[in-house]
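Visitor: Just one file: model-v1.cif, with mmCIF, C-alpha atoms.
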```
data_data
loop_
_atom_site.label_atom_id
_atom_site.label_comp_id
_atom_site.auth_asym_id
_atom_site.auth_seq_id
_atom_site.Cartn_x
_atom_site.Cartn_y
_atom_site.Cartn_z
CA MET K 1 -53.10 -37.27 106.30
CA LYS K 2 -50.61 -35.11 104.41
CA LYS K 3 -49.65 -32.01 106.32
CA ILE K 4 -47.01 -29.35 105.89
CA PHE K 5 -46.14 -25.84 106.95
CA ILE K 6 -45.29 -23.00 104.62
CA GLY K 7 -43.98 -19.55 105.44
CA SER K 8 -42.50 -16.48 103.82
CA ASP K 9 -41.44 -12.94 104.36
CA LYS K 10 -42.78 -10.16 102.13
CA SER K 11 -40.37 -11.03 99.31
CA GLY K 12 -41.66 -14.60 99.15
CA PHE K 13 -45.35 -13.85 99.66
CA VAL K 14 -46.55 -14.25 96.04
CA LEU K 15 -44.66 -17.53 95.57
CA LYS K 16 -45.89 -18.83 98.93
CA GLU K 17 -49.50 -18.14 98.02
CA ALA K 18 -49.14 -19.99 94.69
CA ILE K 19 -47.56 -23.03 96.33
CA LYS K 20 -50.08 -22.99 99.17
CA GLY K 21 -52.89 -23.05 96.60
CA TYR K 22 -51.36 -26.10 94.94
CA LEU K 23 -50.92 -27.89 98.29
CA VAL K 24 -54.53 -27.27 99.28
CA GLU K 25 -55.67 -28.58 95.85
CA GLN K 26 -53.63 -31.72 96.56
CA GLN K 27 -55.50 -32.10 99.88
CA TYR K 28 -52.59 -31.24 102.13
CA THR K 29 -53.37 -29.74 105.48
CA VAL K 30 -51.34 -26.54 105.25
CA GLU K 31 -50.33 -24.34 108.16
CA ASP K 32 -49.34 -20.89 106.93
CA ILE K 33 -46.83 -19.63 109.51
CA GLY K 34 -46.61 -16.16 107.93
CA THR K 35 -46.44 -13.75 106.27
CA THR K 36 -50.22 -13.90 105.83
CA ASP K 37 -50.72 -10.25 104.88
CA GLU K 38 -48.35 -8.66 102.39
CA ASN K 39 -48.87 -5.30 104.10
CA ALA K 40 -47.87 -6.63 107.54
CA PRO K 41 -44.91 -8.91 106.82
CA PHE K 42 -42.83 -10.90 109.30
CA PRO K 43 -39.03 -10.75 108.95
CA PHE K 44 -37.46 -13.84 107.36
CA PHE K 45 -35.60 -14.75 110.54
CA GLU K 46 -38.82 -14.91 112.60
CA VAL K 47 -40.65 -17.06 110.05
CA SER K 48 -37.67 -19.36 109.58
CA GLN K 49 -37.17 -19.86 113.30
CA LYS K 50 -40.86 -20.65 113.73
CA GLY K 51 -40.71 -23.28 110.97
CA ALA K 52 -37.51 -24.83 112.29
CA LYS K 53 -39.03 -25.21 115.75
CA LEU K 54 -42.05 -27.00 114.23
CA ILE K 55 -39.63 -29.55 112.72
CA GLN K 56 -37.74 -29.87 116.01
CA LYS K 57 -40.95 -30.49 117.94
CA LYS K 58 -41.97 -33.05 115.28
CA VAL K 59 -45.22 -31.20 114.57
CA TYR K 60 -44.25 -31.51 110.90
CA GLU K 61 -41.78 -33.69 109.04
CA GLN K 62 -41.34 -31.21 106.20
CA GLY K 63 -41.86 -27.55 105.44
CA ILE K 64 -41.36 -24.83 102.86
CA LEU K 65 -39.81 -21.44 103.56
CA ILE K 66 -39.58 -18.59 101.06
CA CYS K 67 -37.77 -15.26 101.22
CA GLY K 68 -36.13 -13.18 98.48
CA THR K 69 -33.39 -15.69 97.65
CA GLY K 70 -34.19 -18.64 99.93
CA MET K 71 -30.76 -18.29 101.48
CA GLY K 72 -31.73 -16.28 104.55
CA MET K 73 -34.45 -18.75 105.48
CA SER K 74 -32.01 -21.63 104.97
CA VAL K 75 -29.27 -20.08 107.09
CA VAL K 76 -31.58 -19.39 110.03
CA ALA K 77 -33.39 -22.74 109.85
CA ASN K 78 -30.10 -24.63 109.80
CA LYS K 79 -29.13 -23.07 113.14
CA HIS K 80 -31.61 -25.52 114.71
CA GLU K 81 -30.68 -29.09 115.58
CA GLY K 82 -32.39 -31.69 113.41
CA VAL K 83 -33.27 -29.20 110.71
CA TYR K 84 -31.85 -29.64 107.22
CA ALA K 85 -32.97 -26.73 105.08
CA ALA K 86 -31.88 -26.51 101.45
CA ALA K 87 -32.05 -23.36 99.35
CA CYS K 88 -32.90 -24.60 95.86
CA GLU K 89 -33.33 -22.90 92.50
CA SER K 90 -34.34 -25.83 90.29
CA VAL K 91 -36.44 -28.98 90.24
CA TYR K 92 -33.24 -31.02 90.04
CA ALA K 93 -31.79 -29.35 93.15
CA ALA K 94 -35.05 -29.85 95.07
CA GLU K 95 -35.06 -33.55 94.18
CA LYS K 96 -31.40 -34.03 95.14
CA ALA K 97 -31.88 -32.08 98.37
CA ARG K 98 -34.21 -34.90 99.45
CA ALA K 99 -32.54 -37.89 97.78
CA ILE K 100 -28.95 -37.04 98.74
CA ASN K 101 -29.17 -34.70 101.73
CA ASP K 102 -32.46 -35.80 103.30
CA ALA K 103 -33.48 -32.14 103.60
CA ASN K 104 -36.66 -31.55 105.57
CA ILE K 105 -37.23 -27.91 104.59
CA LEU K 106 -37.28 -26.60 101.03
CA CYS K 107 -36.23 -22.96 100.82
CA MET K 108 -36.88 -20.90 97.73
CA GLY K 109 -36.45 -17.33 96.57
CA GLY K 110 -39.46 -15.27 95.58
CA TRP K 111 -37.18 -12.97 93.55
CA ILE K 112 -35.78 -15.98 91.65
CA ILE K 113 -38.46 -18.68 91.33
CA ALA K 114 -41.60 -18.20 89.22
CA PRO K 115 -44.78 -19.69 90.75
CA ILE K 116 -45.06 -22.50 88.19
CA LEU K 117 -41.45 -23.54 88.89
CA GLY K 118 -42.01 -23.30 92.64
CA VAL K 119 -44.96 -25.68 92.38
CA GLU K 120 -42.88 -28.17 90.37
CA MET K 121 -40.04 -27.93 92.91
CA THR K 122 -42.53 -28.52 95.71
CA LYS K 123 -43.98 -31.58 93.97
CA VAL K 124 -40.61 -33.26 93.55
CA PHE K 125 -39.41 -32.30 97.04
CA LEU K 126 -42.49 -33.78 98.71
CA ASN K 127 -42.50 -36.92 96.56
CA THR K 128 -38.83 -37.86 96.83
CA SER K 129 -37.44 -39.93 99.67
CA PHE K 130 -33.88 -40.24 100.96
CA THR K 131 -31.74 -42.25 98.48
CA GLN K 132 -34.64 -42.61 96.03
CA ASN K 133 -33.53 -43.55 92.49
CA LEU K 134 -29.85 -43.67 93.44
CA GLU K 135 -27.45 -46.49 92.67
CA ASP K 136 -27.03 -49.05 95.46
CA TRP K 137 -23.41 -48.06 96.14
CA ARG K 138 -24.38 -44.37 96.42
CA ALA K 139 -27.36 -45.13 98.68
CA LYS K 140 -25.13 -47.17 101.01
CA ASN K 141 -22.57 -44.35 101.07
CA LEU K 142 -25.28 -41.83 101.91
CA GLU K 143 -26.64 -44.01 104.72
CA LYS K 144 -23.13 -44.02 106.23
CA ALA K 145 -22.78 -40.29 105.60
CA ARG K 146 -26.03 -39.61 107.43
CA ILE K 147 -24.56 -41.25 110.56
CA VAL K 148 -21.41 -39.13 110.30
CA VAL K 149 -23.42 -35.95 109.73
CA LYS K 150 -25.57 -36.73 112.81
CA ALA K 151 -22.36 -37.13 114.86
CA ILE K 152 -21.06 -33.79 113.56
CA GLU K 153 -24.41 -32.22 114.41
CA GLN K 154 -24.31 -33.64 117.96
CA GLU K 155 -20.79 -32.33 118.50
CA SER K 156 -21.79 -28.92 117.17
CA PHE K 157 -24.97 -28.56 119.25
CA HIS K 158 -23.74 -30.46 122.31
CA PRO K 159 -19.94 -30.02 122.55
CA LYS K 160 -18.11 -32.04 125.16
CA GLY K 161 -15.76 -29.98 127.28
#
```
Please re-express this file's structure in structure tokens.
Guide:
Amino acid sequence: MKKIFIGSDKSGFVLKEAIKGYLVEQQYTVEDIGTTDENAPFPFFEVSQKGAKLIQKKVYEQGILICGTGMGMSVVANKHEGVYAAACESVYAAEKARAINDANILCMGGWIIAPILGVEMTKVFLNTSFTQNLEDWRAKNLEKARIVVKAIEQESFHPKG
């Protein structure tokens, strides 16, 4: 079963609703973590933290977060261990966020991304795997890089001494 969470603040509400509609059409089970009412919005930092914790608890493998620029959601989400949130503004960036960086949260900006583009970015993000369509040498480099990045992450979240 395909399942994903999606969340936004007020600035990302319209884009979130368009992407959520697409995901439901594609038979995803979608958990909307807010904002669910444009007149009673949640701040970006609350929505982002909620999404990041869902990744940490392994409730979901991937999610989508939307604020005005996508950057605020990305910054907050990336404060959580095991979360790799990428603020993207193009289909190409969304694809490379998965293929190169193994991002698990796509962040977008409702002030920047039109709904049709947001749906296309979502499609490619959800249908691209780590190292997909990359040259063998690059894929091997990225596999090594992932180990180094995990070590950096461990040192950052669990410093010794």
Visitor: Run the PyMOL selection byres ((chain K and resi 129) around 12) on the file and write out the hits as a ChimeraX atom specification.
Guide: /K:62,94-104,124-128,130-134,139
Visitor: Include C-alpha atoms and write out the residues we just selected as a short mmCIF file (atom, residue, chain, number, x, y, z; two decimals), in the frame of the given file.
Guide:
```
data_model
loop_
_atom_site.label_atom_id
_atom_site.label_comp_id
_atom_site.auth_asym_id
_atom_site.auth_seq_id
_atom_site.Cartn_x
_atom_site.Cartn_y
_atom_site.Cartn_z
CA GLN K 62 -41.34 -31.21 106.20
CA ALA K 94 -35.05 -29.85 95.07
CA GLU K 95 -35.06 -33.55 94.18
CA LYS K 96 -31.40 -34.03 95.14
CA ALA K 97 -31.88 -32.08 98.37
CA ARG K 98 -34.21 -34.90 99.45
CA ALA K 99 -32.54 -37.89 97.78
CA ILE K 100 -28.95 -37.04 98.74
CA ASN K 101 -29.17 -34.70 101.73
CA ASP K 102 -32.46 -35.80 103.30
CA ALA K 103 -33.48 -32.14 103.60
CA ASN K 104 -36.66 -31.55 105.57
CA VAL K 124 -40.61 -33.26 93.55
CA PHE K 125 -39.41 -32.30 97.04
CA LEU K 126 -42.49 -33.78 98.71
CA ASN K 127 -42.50 -36.92 96.56
CA THR K 128 -38.83 -37.86 96.83
CA PHE K 130 -33.88 -40.24 100.96
CA THR K 131 -31.74 -42.25 98.48
CA GLN K 132 -34.64 -42.61 96.03
CA ASN K 133 -33.53 -43.55 92.49
CA LEU K 134 -29.85 -43.67 93.44
CA ALA K 139 -27.36 -45.13 98.68
#
```
Visitor: For each of K:Gly161, K:Met121, K:Gly72, K:Lys58, take the minimum atom-to-atom distance to Glu89 of chain K, counting only C-alpha atoms, then give the residue where this is smallest.
Guide: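 Comparing K:Gly161, K:Met121, K:Gly72, K:Lys58 against Glu89 of chain K, the winner is K:Met121.
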Visitor: Which residues are close to segment 11-20 of chain K, i.e. within 8 Å by all atoms listed in the file, leaving aside same-chain residues fewer than 3 positions away? Reply as a list of chain:residue names.
Guide: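 Near segment 11-20 of chain K, the qualifying residues are K:Ile6, K:Gly7, K:Ser8, K:Leu23, K:Val24, K:Val30, K:Thr35, K:Thr36, K:Glu38, K:Ile66, K:Cys67, K:Gly68, K:Gly109, K:Gly110, K:Trp111, K:Ile113, K:Ala114, K:Pro115, K:Gly118, K:Val119, K:Thr122.
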Visitor: Which one is closest to Gln26 of chain K: K:Phe42, K:Lys123, K:Pro159, K:Val75? Count only C-alpha atoms.
Guide: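 Closest residue, counting only C-alpha atoms: K:Lys123.
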Visitor: Show which residues sit within 7 Å of Met73 of chain K, as an mmCIF file with C-alpha atoms, in the coordinates of the input. Count only C-alpha atoms, and ignore same-chain residues fewer than 2 positions away.
Guide:
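Writing done, so here's result09.cif:
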```
data_model
loop_
_atom_site.group_PDB
_atom_site.id
_atom_site.type_symbol
_atom_site.label_atom_id
_atom_site.label_comp_id
_atom_site.auth_asym_id
_atom_site.auth_seq_id
_atom_site.Cartn_x
_atom_site.Cartn_y
_atom_site.Cartn_z
ATOM 1 C CA PHE K 44 -37.460 -13.840 107.360
ATOM 2 C CA PHE K 45 -35.600 -14.750 110.540
ATOM 3 C CA SER K 48 -37.670 -19.360 109.580
ATOM 4 C CA LEU K 65 -39.810 -21.440 103.560
ATOM 5 C CA ILE K 66 -39.580 -18.590 101.060
ATOM 6 C CA CYS K 67 -37.770 -15.260 101.220
ATOM 7 C CA GLY K 70 -34.190 -18.640 99.930
ATOM 8 C CA MET K 71 -30.760 -18.290 101.480
ATOM 9 C CA VAL K 75 -29.270 -20.080 107.090
ATOM 10 C CA VAL K 76 -31.580 -19.390 110.030
ATOM 11 C CA ALA K 77 -33.390 -22.740 109.850
ATOM 12 C CA CYS K 107 -36.230 -22.960 100.820
#
```
Visitor: Between atom CA of Lys50 of chain K and atom CA of Lys150 of chain K, what is the distance in Å, rounded to a tenth?
Guide: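 If I compute the distance from atom CA of Lys50 of chain K to atom CA of Lys150 of chain K, I get 22.2 Å.
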Visitor: Separation of atom CA of Ile64 of chain K and atom CA of Glu120 of chain K, in Å?
Guide: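 It comes out at 13.0 Å.
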Visitor: Counting all atoms listed in the file, which residues of segment 59-117 of chain K sit at most 7 Å from some atom of segment 52-55 of chain K, and what is each one's closest atom pair with its distance in Å to one decimal, listed by chain and rising residue number, as a Markdown table?
Guide:
```
| residue | atom | partner | partner_atom | distance |
| --- | --- | --- | --- | --- |
| K:Val59 | CA | K:Leu54 | CA | 5.3 |
| K:Tyr60 | CA | K:Ile55 | CA | 5.3 |
| K:Glu61 | CA | K:Ile55 | CA | 5.9 |
| K:Gln62 | CA | K:Ile55 | CA | 6.9 |
| K:Ala77 | CA | K:Ala52 | CA | 5.2 |
| K:His80 | CA | K:Ala52 | CA | 6.4 |
| K:Val83 | CA | K:Ala52 | CA | 6.3 |
```
Visitor: Give the answer as one residue: which of K:Asp9, K:Glu25, K:Val149, K:His158 has the shortest atom-to-atom distance to Met108 of chain K, using all atoms listed in the file?
Guide: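 The answer is K:Asp9, which sits nearest to Met108 of chain K.
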Visitor: So how far away is atom CA of Val91 of chain K from atom CA of Leu106 of chain K, in Å?
Guide: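 About the pair atom CA of Leu106 of chain K and atom CA of Val91 of chain K: they are 11.1 Å apart.
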Visitor: Name the closest residue to Thr69 of chain K among the candidates K:Gln56, K:Glu135, K:Ala86, K:Gln27; distances are taken between atoms, counting all atoms listed in the file.
Guide: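 Among the listed residues, K:Ala86 lies closest to Thr69 of chain K.
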Visitor: Supply segment 102-135 of chain K as a JSON list (two decimals), in the frame of the given file, with N, CA and C atoms built in where the input has gaps.
Guide:
```
[["chain", "number", "residue", "atom", "x", "y", "z"],
["K", 102, "ASP", "N", -31.35, -35.56, 102.39],
["K", 102, "ASP", "CA", -32.46, -35.80, 103.30],
["K", 102, "ASP", "C", -32.97, -34.51, 103.93],
["K", 103, "ALA", "N", -33.00, -33.44, 103.12],
["K", 103, "ALA", "CA", -33.48, -32.14, 103.60],
["K", 103, "ALA", "C", -34.94, -32.25, 104.04],
["K", 104, "ASN", "N", -35.27, -31.53, 105.10],
["K", 104, "ASN", "CA", -36.66, -31.55, 105.57],
["K", 104, "ASN", "C", -37.36, -30.20, 105.39],
["K", 105, "ILE", "N", -36.62, -29.19, 104.93],
["K", 105, "ILE", "CA", -37.23, -27.91, 104.59],
["K", 105, "ILE", "C", -36.70, -27.47, 103.23],
["K", 106, "LEU", "N", -37.62, -27.16, 102.33],
["K", 106, "LEU", "CA", -37.28, -26.60, 101.03],
["K", 106, "LEU", "C", -37.36, -25.09, 101.14],
["K", 107, "CYS", "N", -36.26, -24.42, 100.82],
["K", 107, "CYS", "CA", -36.23, -22.96, 100.82],
["K", 107, "CYS", "C", -36.10, -22.48, 99.38],
["K", 108, "MET", "N", -36.88, -21.45, 99.08],
["K", 108, "MET", "CA", -36.88, -20.90, 97.73],
["K", 108, "MET", "C", -36.87, -19.38, 97.79],
["K", 109, "GLY", "N", -36.50, -18.78, 96.67],
["K", 109, "GLY", "CA", -36.45, -17.33, 96.57],
["K", 109, "GLY", "C", -37.56, -16.76, 95.71],
["K", 110, "GLY", "N", -38.37, -15.90, 96.30],
["K", 110, "GLY", "CA", -39.46, -15.27, 95.58],
["K", 110, "GLY", "C", -38.98, -14.32, 94.49],
["K", 111, "TRP", "N", -37.74, -13.83, 94.59],
["K", 111, "TRP", "CA", -37.18, -12.97, 93.55],
["K", 111, "TRP", "C", -36.63, -13.80, 92.39],
["K", 112, "ILE", "N", -36.48, -15.12, 92.61],
["K", 112, "ILE", "CA", -35.78, -15.98, 91.65],
["K", 112, "ILE", "C", -36.72, -16.99, 90.99],
["K", 113, "ILE", "N", -37.64, -17.55, 91.76],
["K", 113, "ILE", "CA", -38.46, -18.68, 91.33],
["K", 113, "ILE", "C", -39.86, -18.19, 90.92],
["K", 114, "ALA", "N", -40.24, -18.50, 89.68],
["K", 114, "ALA", "CA", -41.60, -18.20, 89.22],
["K", 114, "ALA", "C", -42.57, -19.18, 89.88],
["K", 115, "PRO", "N", -43.82, -18.79, 90.09],
["K", 115, "PRO", "CA", -44.78, -19.69, 90.75],
["K", 115, "PRO", "C", -44.88, -21.07, 90.13],
["K", 116, "ILE", "N", -44.92, -21.18, 88.81],
["K", 116, "ILE", "CA", -45.06, -22.50, 88.19],
["K", 116, "ILE", "C", -43.84, -23.38, 88.50],
["K", 117, "LEU", "N", -42.66, -22.79, 88.54],
["K", 117, "LEU", "CA", -41.45, -23.54, 88.89],
["K", 117, "LEU", "C", -41.48, -23.92, 90.37],
["K", 118, "GLY", "N", -41.92, -23.01, 91.20],
["K", 118, "GLY", "CA", -42.01, -23.30, 92.64],
["K", 118, "GLY", "C", -42.93, -24.46, 92.94],
["K", 119, "VAL", "N", -44.03, -24.55, 92.21],
["K", 119, "VAL", "CA", -44.96, -25.68, 92.38],
["K", 119, "VAL", "C", -44.28, -26.98, 91.95],
["K", 120, "GLU", "N", -43.57, -26.96, 90.84],
["K", 120, "GLU", "CA", -42.88, -28.17, 90.37],
["K", 120, "GLU", "C", -41.79, -28.59, 91.36],
["K", 121, "MET", "N", -41.07, -27.63, 91.90],
["K", 121, "MET", "CA", -40.04, -27.93, 92.91],
["K", 121, "MET", "C", -40.68, -28.54, 94.15],
["K", 122, "THR", "N", -41.80, -28.00, 94.55],
["K", 122, "THR", "CA", -42.53, -28.52, 95.71],
["K", 122, "THR", "C", -42.97, -29.95, 95.48],
["K", 123, "LYS", "N", -43.53, -30.22, 94.30],
["K", 123, "LYS", "CA", -43.98, -31.58, 93.97],
["K", 123, "LYS", "C", -42.84, -32.58, 94.13],
["K", 124, "VAL", "N", -41.71, -32.29, 93.51],
["K", 124, "VAL", "CA", -40.61, -33.26, 93.55],
["K", 124, "VAL", "C", -40.03, -33.37, 94.95],
["K", 125, "PHE", "N", -39.94, -32.28, 95.67],
["K", 125, "PHE", "CA", -39.41, -32.30, 97.04],
["K", 125, "PHE", "C", -40.27, -33.20, 97.93],
["K", 126, "LEU", "N", -41.58, -33.03, 97.84],
["K", 126, "LEU", "CA", -42.49, -33.78, 98.71],
["K", 126, "LEU", "C", -42.66, -35.24, 98.29],
["K", 127, "ASN", "N", -42.31, -35.56, 97.05],
["K", 127, "ASN", "CA", -42.50, -36.92, 96.56],
["K", 127, "ASN", "C", -41.20, -37.69, 96.35],
["K", 128, "THR", "N", -40.12, -37.18, 96.91],
["K", 128, "THR", "CA", -38.83, -37.86, 96.83],
["K", 128, "THR", "C", -38.41, -38.25, 98.24],
["K", 129, "SER", "N", -37.93, -39.47, 98.37],
["K", 129, "SER", "CA", -37.44, -39.93, 99.67],
["K", 129, "SER", "C", -35.91, -40.02, 99.66],
["K", 130, "PHE", "N", -35.33, -40.12, 100.83],
["K", 130, "PHE", "CA", -33.88, -40.24, 100.96],
["K", 130, "PHE", "C", -33.40, -41.46, 100.18],
["K", 131, "THR", "N", -32.42, -41.27, 99.36],
["K", 131, "THR", "CA", -31.74, -42.25, 98.48],
["K", 131, "THR", "C", -32.62, -42.76, 97.33],
["K", 132, "GLN", "N", -33.76, -42.18, 97.12],
["K", 132, "GLN", "CA", -34.64, -42.61, 96.03],
["K", 132, "GLN", "C", -33.96, -42.47, 94.67],
["K", 133, "ASN", "N", -34.06, -43.52, 93.86],
["K", 133, "ASN", "CA", -33.53, -43.55, 92.49],
["K", 133, "ASN", "C", -32.02, -43.41, 92.40],
["K", 134, "LEU", "N", -31.31, -43.71, 93.47],
["K", 134, "LEU", "CA", -29.85, -43.67, 93.44],
["K", 134, "LEU", "C", -29.29, -45.09, 93.33],
["K", 135, "GLU", "N", -28.10, -45.20, 92.78],
["K", 135, "GLU", "CA", -27.45, -46.49, 92.67],
["K", 135, "GLU", "C", -27.23, -47.07, 94.07]]
```
